[in-house]
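Dumped model.tsv below, it's TSV, N, CA and C atoms:
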chain	number	residue	atom	x	y	z
A	1	MET	N	-23.18	56.71	49.94
A	1	MET	CA	-24.48	56.06	50.08
A	1	MET	C	-24.26	54.55	50.12
A	2	ASP	N	-25.03	53.88	50.96
A	2	ASP	CA	-24.88	52.44	51.10
A	2	ASP	C	-25.66	51.70	50.00
A	3	TYR	N	-25.45	50.39	49.93
A	3	TYR	CA	-26.07	49.57	48.87
A	3	TYR	C	-27.60	49.54	48.98
A	4	ILE	N	-28.10	49.51	50.19
A	4	ILE	CA	-29.56	49.48	50.37
A	4	ILE	C	-30.19	50.77	49.86
A	5	GLY	N	-29.55	51.89	50.10
A	5	GLY	CA	-30.03	53.17	49.60
A	5	GLY	C	-30.06	53.20	48.08
A	6	ILE	N	-29.02	52.65	47.47
A	6	ILE	CA	-28.96	52.59	46.00
A	6	ILE	C	-30.08	51.71	45.47
A	7	LEU	N	-30.31	50.55	46.12
A	7	LEU	CA	-31.40	49.66	45.70
A	7	LEU	C	-32.76	50.34	45.81
A	8	ILE	N	-32.98	51.06	46.89
A	8	ILE	CA	-34.25	51.76	47.08
A	8	ILE	C	-34.47	52.79	45.99
A	9	ILE	N	-33.44	53.58	45.71
A	9	ILE	CA	-33.55	54.61	44.66
A	9	ILE	C	-33.80	53.95	43.31
A	10	TYR	N	-33.09	52.86	43.02
A	10	TYR	CA	-33.28	52.17	41.74
A	10	TYR	C	-34.71	51.66	41.61
A	11	PHE	N	-35.21	50.96	42.63
A	11	PHE	CA	-36.54	50.37	42.54
A	11	PHE	C	-37.64	51.43	42.48
A	12	ILE	N	-37.47	52.52	43.19
A	12	ILE	CA	-38.45	53.61	43.08
A	12	ILE	C	-38.42	54.18	41.66
A	13	GLY	N	-37.23	54.42	41.14
A	13	GLY	CA	-37.09	54.99	39.79
A	13	GLY	C	-37.66	54.09	38.71
A	14	ILE	N	-37.32	52.80	38.72
A	14	ILE	CA	-37.78	51.90	37.66
A	14	ILE	C	-39.29	51.68	37.76
A	15	ASN	N	-39.84	51.70	38.98
A	15	ASN	CA	-41.29	51.56	39.11
A	15	ASN	C	-42.02	52.80	38.62
A	16	LEU	N	-41.46	53.97	38.85
A	16	LEU	CA	-42.06	55.19	38.29
A	16	LEU	C	-42.00	55.18	36.77
A	17	ILE	N	-40.89	54.75	36.23
A	17	ILE	CA	-40.75	54.66	34.77
A	17	ILE	C	-41.78	53.69	34.21
A	18	SER	N	-41.90	52.52	34.80
A	18	SER	CA	-42.87	51.52	34.34
A	18	SER	C	-44.29	52.06	34.42
A	19	PHE	N	-44.61	52.70	35.53
A	19	PHE	CA	-45.95	53.27	35.72
A	19	PHE	C	-46.27	54.27	34.60
A	20	PHE	N	-45.35	55.17	34.33
A	20	PHE	CA	-45.61	56.19	33.31
A	20	PHE	C	-45.57	55.62	31.90
A	21	MET	N	-44.85	54.52	31.68
A	21	MET	CA	-44.90	53.86	30.38
A	21	MET	C	-46.30	53.29	30.12
A	22	PHE	N	-46.89	52.66	31.13
A	22	PHE	CA	-48.25	52.13	30.99
A	22	PHE	C	-49.25	53.27	30.81
A	23	TYR	N	-49.08	54.34	31.56
A	23	TYR	CA	-49.96	55.51	31.43
A	23	TYR	C	-49.88	56.07	30.02
A	24	SER	N	-48.67	56.21	29.52
A	24	SER	CA	-48.46	56.74	28.17
A	24	SER	C	-49.08	55.82	27.12
A	25	ASP	N	-48.89	54.52	27.29
A	25	ASP	CA	-49.45	53.57	26.33
A	25	ASP	C	-50.97	53.61	26.34
A	26	LYS	N	-51.57	53.78	27.49
A	26	LYS	CA	-53.03	53.87	27.59
A	26	LYS	C	-53.53	55.12	26.87
A	27	LYS	N	-52.84	56.24	27.08
A	27	LYS	CA	-53.24	57.47	26.39
A	27	LYS	C	-53.12	57.32	24.87
A	28	LYS	N	-52.03	56.67	24.42
A	28	LYS	CA	-51.84	56.45	22.99
A	28	LYS	C	-52.91	55.53	22.44
A	29	ALA	N	-53.32	54.53	23.21
A	29	ALA	CA	-54.37	53.61	22.77
A	29	ALA	C	-55.69	54.35	22.57
A	30	LYS	N	-56.02	55.26	23.47
A	30	LYS	CA	-57.25	56.03	23.35
A	30	LYS	C	-57.25	56.94	22.13
A	31	LYS	N	-56.06	57.46	21.78
A	31	LYS	CA	-55.95	58.38	20.65
A	31	LYS	C	-55.60	57.67	19.35
A	32	ASP	N	-55.55	56.32	19.40
A	32	ASP	CA	-55.24	55.51	18.22
A	32	ASP	C	-53.89	55.91	17.60
A	33	ARG	N	-52.90	56.09	18.47
A	33	ARG	CA	-51.55	56.45	18.02
A	33	ARG	C	-50.63	55.26	18.17
A	34	ARG	N	-49.41	55.43	17.69
A	34	ARG	CA	-48.41	54.36	17.77
A	34	ARG	C	-48.14	54.01	19.23
A	35	ARG	N	-48.17	52.71	19.55
A	35	ARG	CA	-48.13	52.23	20.92
A	35	ARG	C	-46.74	51.78	21.33
A	36	ILE	N	-46.59	51.57	22.63
A	36	ILE	CA	-45.37	50.99	23.19
A	36	ILE	C	-45.51	49.48	23.07
A	37	ARG	N	-44.48	48.81	22.60
A	37	ARG	CA	-44.54	47.36	22.43
A	37	ARG	C	-44.75	46.66	23.76
A	38	GLU	N	-45.50	45.57	23.72
A	38	GLU	CA	-45.71	44.79	24.94
A	38	GLU	C	-44.38	44.28	25.48
A	39	ARG	N	-43.49	43.91	24.58
A	39	ARG	CA	-42.17	43.43	25.00
A	39	ARG	C	-41.45	44.49	25.83
A	40	THR	N	-41.55	45.74	25.42
A	40	THR	CA	-40.91	46.83	26.15
A	40	THR	C	-41.53	46.99	27.53
A	41	LEU	N	-42.85	46.87	27.61
A	41	LEU	CA	-43.52	46.96	28.91
A	41	LEU	C	-43.09	45.81	29.81
A	42	HIS	N	-42.95	44.62	29.24
A	42	HIS	CA	-42.49	43.47	30.03
A	42	HIS	C	-41.05	43.64	30.49
A	43	ILE	N	-40.20	44.17	29.64
A	43	ILE	CA	-38.80	44.39	30.02
A	43	ILE	C	-38.72	45.32	31.22
A	44	SER	N	-39.52	46.40	31.20
A	44	SER	CA	-39.50	47.32	32.33
A	44	SER	C	-39.98	46.63	33.61
A	45	SER	N	-40.94	45.72	33.47
A	45	SER	CA	-41.42	44.97	34.63
A	45	SER	C	-40.34	44.05	35.18
A	46	PHE	N	-39.66	43.33	34.30
A	46	PHE	CA	-38.63	42.40	34.74
A	46	PHE	C	-37.37	43.11	35.25
A	47	MET	N	-37.18	44.36	34.86
A	47	MET	CA	-36.02	45.12	35.35
A	47	MET	C	-36.25	45.67	36.76
A	48	GLY	N	-37.41	45.39	37.32
A	48	GLY	CA	-37.68	45.84	38.68
A	48	GLY	C	-38.94	46.68	38.80
A	49	GLY	N	-39.60	46.95	37.69
A	49	GLY	CA	-40.76	47.84	37.71
A	49	GLY	C	-42.10	47.15	37.76
A	50	SER	N	-42.14	45.94	38.28
A	50	SER	CA	-43.40	45.18	38.27
A	50	SER	C	-44.49	45.81	39.14
A	51	ILE	N	-44.12	46.40	40.25
A	51	ILE	CA	-45.14	47.01	41.12
A	51	ILE	C	-45.76	48.22	40.43
A	52	GLY	N	-44.94	49.04	39.79
A	52	GLY	CA	-45.45	50.18	39.04
A	52	GLY	C	-46.31	49.74	37.87
A	53	SER	N	-45.90	48.64	37.22
A	53	SER	CA	-46.65	48.11	36.09
A	53	SER	C	-48.03	47.62	36.53
A	54	ILE	N	-48.06	46.85	37.60
A	54	ILE	CA	-49.32	46.31	38.10
A	54	ILE	C	-50.24	47.42	38.59
A	55	ALA	N	-49.67	48.38	39.29
A	55	ALA	CA	-50.48	49.52	39.77
A	55	ALA	C	-51.12	50.26	38.59
A	56	ALA	N	-50.34	50.52	37.56
A	56	ALA	CA	-50.86	51.23	36.39
A	56	ALA	C	-51.88	50.39	35.63
A	57	MET	N	-51.63	49.09	35.53
A	57	MET	CA	-52.57	48.22	34.83
A	57	MET	C	-53.96	48.32	35.44
A	58	TYR	N	-54.03	48.26	36.74
A	58	TYR	CA	-55.33	48.26	37.40
A	58	TYR	C	-55.89	49.66	37.62
A	59	LEU	N	-55.03	50.64	37.79
A	59	LEU	CA	-55.51	52.02	37.94
A	59	LEU	C	-56.10	52.55	36.64
A	60	PHE	N	-55.45	52.24	35.51
A	60	PHE	CA	-55.89	52.75	34.21
A	60	PHE	C	-56.68	51.71	33.41
A	61	HIS	N	-56.92	50.53	34.00
A	61	HIS	CA	-57.62	49.44	33.30
A	61	HIS	C	-56.97	49.17	31.95
A	62	HIS	N	-55.66	48.97	32.00
A	62	HIS	CA	-54.89	48.80	30.78
A	62	HIS	C	-54.28	47.41	30.73
A	63	LYS	N	-54.64	46.65	29.71
A	63	LYS	CA	-54.11	45.31	29.46
A	63	LYS	C	-54.57	44.29	30.49
A	64	THR	N	-55.59	44.61	31.27
A	64	THR	CA	-56.04	43.69	32.31
A	64	THR	C	-56.87	42.54	31.75
A	65	LYS	N	-57.39	42.66	30.56
A	65	LYS	CA	-58.17	41.58	29.97
A	65	LYS	C	-57.30	40.59	29.19
A	66	LYS	N	-56.04	40.92	29.02
A	66	LYS	CA	-55.11	40.04	28.32
A	66	LYS	C	-54.45	39.13	29.35
A	67	ILE	N	-54.98	37.91	29.46
A	67	ILE	CA	-54.55	36.98	30.51
A	67	ILE	C	-53.05	36.69	30.42
A	68	LYS	N	-52.55	36.44	29.22
A	68	LYS	CA	-51.12	36.13	29.06
A	68	LYS	C	-50.26	37.30	29.54
A	69	PHE	N	-50.67	38.51	29.19
A	69	PHE	CA	-49.93	39.69	29.60
A	69	PHE	C	-49.91	39.80	31.13
A	70	CYS	N	-51.06	39.59	31.76
A	70	CYS	CA	-51.15	39.65	33.23
A	70	CYS	C	-50.28	38.59	33.89
A	71	LEU	N	-50.29	37.39	33.35
A	71	LEU	CA	-49.47	36.31	33.91
A	71	LEU	C	-47.98	36.63	33.83
A	72	ILE	N	-47.57	37.17	32.69
A	72	ILE	CA	-46.15	37.53	32.53
A	72	ILE	C	-45.78	38.65	33.51
A	73	THR	N	-46.68	39.61	33.69
A	73	THR	CA	-46.40	40.72	34.61
A	73	THR	C	-46.31	40.22	36.05
A	74	PHE	N	-47.19	39.30	36.43
A	74	PHE	CA	-47.11	38.74	37.79
A	74	PHE	C	-45.87	37.85	37.95
A	75	ALA	N	-45.45	37.19	36.86
A	75	ALA	CA	-44.19	36.43	36.90
A	75	ALA	C	-43.02	37.39	37.14
A	76	ALA	N	-43.09	38.57	36.53
A	76	ALA	CA	-42.06	39.58	36.74
A	76	ALA	C	-42.03	40.02	38.20
A	77	LEU	N	-43.20	40.13	38.82
A	77	LEU	CA	-43.26	40.50	40.23
A	77	LEU	C	-42.56	39.44	41.10
A	78	ILE	N	-42.85	38.19	40.83
A	78	ILE	CA	-42.20	37.10	41.58
A	78	ILE	C	-40.69	37.12	41.35
A	79	PHE	N	-40.29	37.32	40.11
A	79	PHE	CA	-38.87	37.42	39.76
A	79	PHE	C	-38.22	38.57	40.52
A	80	ASN	N	-38.89	39.73	40.56
A	80	ASN	CA	-38.35	40.90	41.26
A	80	ASN	C	-38.19	40.63	42.75
A	81	VAL	N	-39.18	39.98	43.35
A	81	VAL	CA	-39.11	39.67	44.78
A	81	VAL	C	-37.93	38.74	45.06
A	82	LEU	N	-37.77	37.72	44.22
A	82	LEU	CA	-36.66	36.78	44.43
A	82	LEU	C	-35.29	37.46	44.26
A	83	ILE	N	-35.17	38.31	43.25
A	83	ILE	CA	-33.91	39.04	43.03
A	83	ILE	C	-33.63	39.98	44.20
A	84	LEU	N	-34.65	40.71	44.62
A	84	LEU	CA	-34.46	41.63	45.74
A	84	LEU	C	-34.09	40.88	47.01
A	85	TYR	N	-34.74	39.76	47.26
A	85	TYR	CA	-34.41	38.92	48.42
A	85	TYR	C	-32.95	38.47	48.36
A	86	GLY	N	-32.53	38.01	47.18
A	86	GLY	CA	-31.14	37.59	47.02
A	86	GLY	C	-30.16	38.70	47.21
A	87	LEU	N	-30.46	39.87	46.66
A	87	LEU	CA	-29.56	41.02	46.82
A	87	LEU	C	-29.46	41.45	48.27
A	88	LEU	N	-30.59	41.49	48.95
A	88	LEU	CA	-30.57	41.90	50.36
A	88	LEU	C	-29.81	40.89	51.22
A	89	ASN	N	-29.91	39.61	50.90
A	89	ASN	CA	-29.15	38.60	51.64
A	89	ASN	C	-27.66	38.75	51.42
A	90	MET	N	-27.28	39.16	50.22
A	90	MET	CA	-25.84	39.38	49.93
A	90	MET	C	-25.32	40.59	50.69
A	91	ILE	N	-26.13	41.62	50.81
A	91	ILE	CA	-25.71	42.87	51.44
A	91	ILE	C	-25.68	42.75	52.95
A	92	ILE	N	-26.69	42.12	53.50
A	92	ILE	CA	-26.83	42.08	54.98
A	92	ILE	C	-26.02	40.97	55.58

Whole structure given in structure tokens:
Amino acid sequence: MDYIGILIIYFIGINLISFFMFYSDKKKAKKDRRRIRERTLHISSFMGGSIGSIAAMYLFHHKTKKIKFCLITFAALIFNVLILYGLLNMII
């Protein structure tokens, strides 16, 4: 498998993980159970899962009123785009 294929699989996987982490945290919030730390959610976003994080935030209306959280998540998106751009330039 080539490097681009590996990158695609990685980004799909980490975005699915991020999406389901937000989904799980929202369910736990509704049931007043122990939650996933915001730091953990941010780490998943910065590791490449920002698109999944943002999709889940707006689909489940989770953490969208926390301005600082939203700004950090969008910063993760910009970070992910820059990293992906750099990686693709190295490969191609």

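Rounded to one decimal, atom CA of Ile43 of chain A and atom N of Ala55 of chain A lie 14.8 Å from each other.
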
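A straight line drawn from atom C of Asp32 of chain A to atom C of Ala76 of chain A is 28.6 Å long.
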
Legend entry - Shell around Ser44 of chain A at 7 Å using only N, CA and C atoms, local window under 5 positions removed, as JSON, numbers by chain: {"A": [14, 18, 39, 49, 50]}

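For the pair atom CA of Phe19 of chain A and atom C of Phe69 of chain A, the interatomic distance is 14.8 Å.
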
Legend entry - Non-local contacts of Arg35 of chain A (6.5 Å; all atoms listed in the file; under 6 positions in same chain excluded) as a list in words: Asp25, Lys28 and Ala29 of chain A

Inset, instruction - From a DSSP calculation on the backbone, collect every residue of chain A in helix (DSSP H, G or I) and output the set as number ranges by chain. - result: A: 3-30, 38-59, 67-91

Legend entry - Among listed residues A:Tyr3, A:Tyr58, A:Phe46, A:Phe20, nearest Ile78 of chain A (using only C-alpha atoms):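 The closest residue to Ile78 of chain A is A:Phe46.
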
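Minimum atom-to-atom distance to Phe22 of chain A, evaluated using all atoms listed in the file, belongs to A:Ala56 out of A:Ala56, A:Ile8, A:Leu77, A:Leu71.
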
Inset, instruction - Might you pull out every residue within 12 Å of Ile4 of chain A, with only C-alpha atoms counted and same-chain residues fewer than 6 positions away left off, and present them as a list of chain:residue names? - result: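 The contact residues come out as A:Tyr10, A:Phe11, A:Leu84, A:Tyr85, A:Leu87, A:Leu88, A:Asn89, A:Met90, A:Ile91, A:Ile92.
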
Legend entry - Counting only C-alpha atoms, the option among A:Leu41, A:Ile83, A:Ala75, A:Ile36 closest to Leu7 of chain A: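 Smallest separation from Leu7 of chain A among the options: A:Ile83.
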
Can you report as JSON the centre and edge lengths in Å, to one decimal, of an axis-aligned box around the listed atoms of segment 69-87 of chain A padded with 3 Å on each side?
{"center_x": -40.3, "center_y": 39.0, "center_z": 38.8, "size_x": 27.7, "size_y": 11.3, "size_z": 25.2}
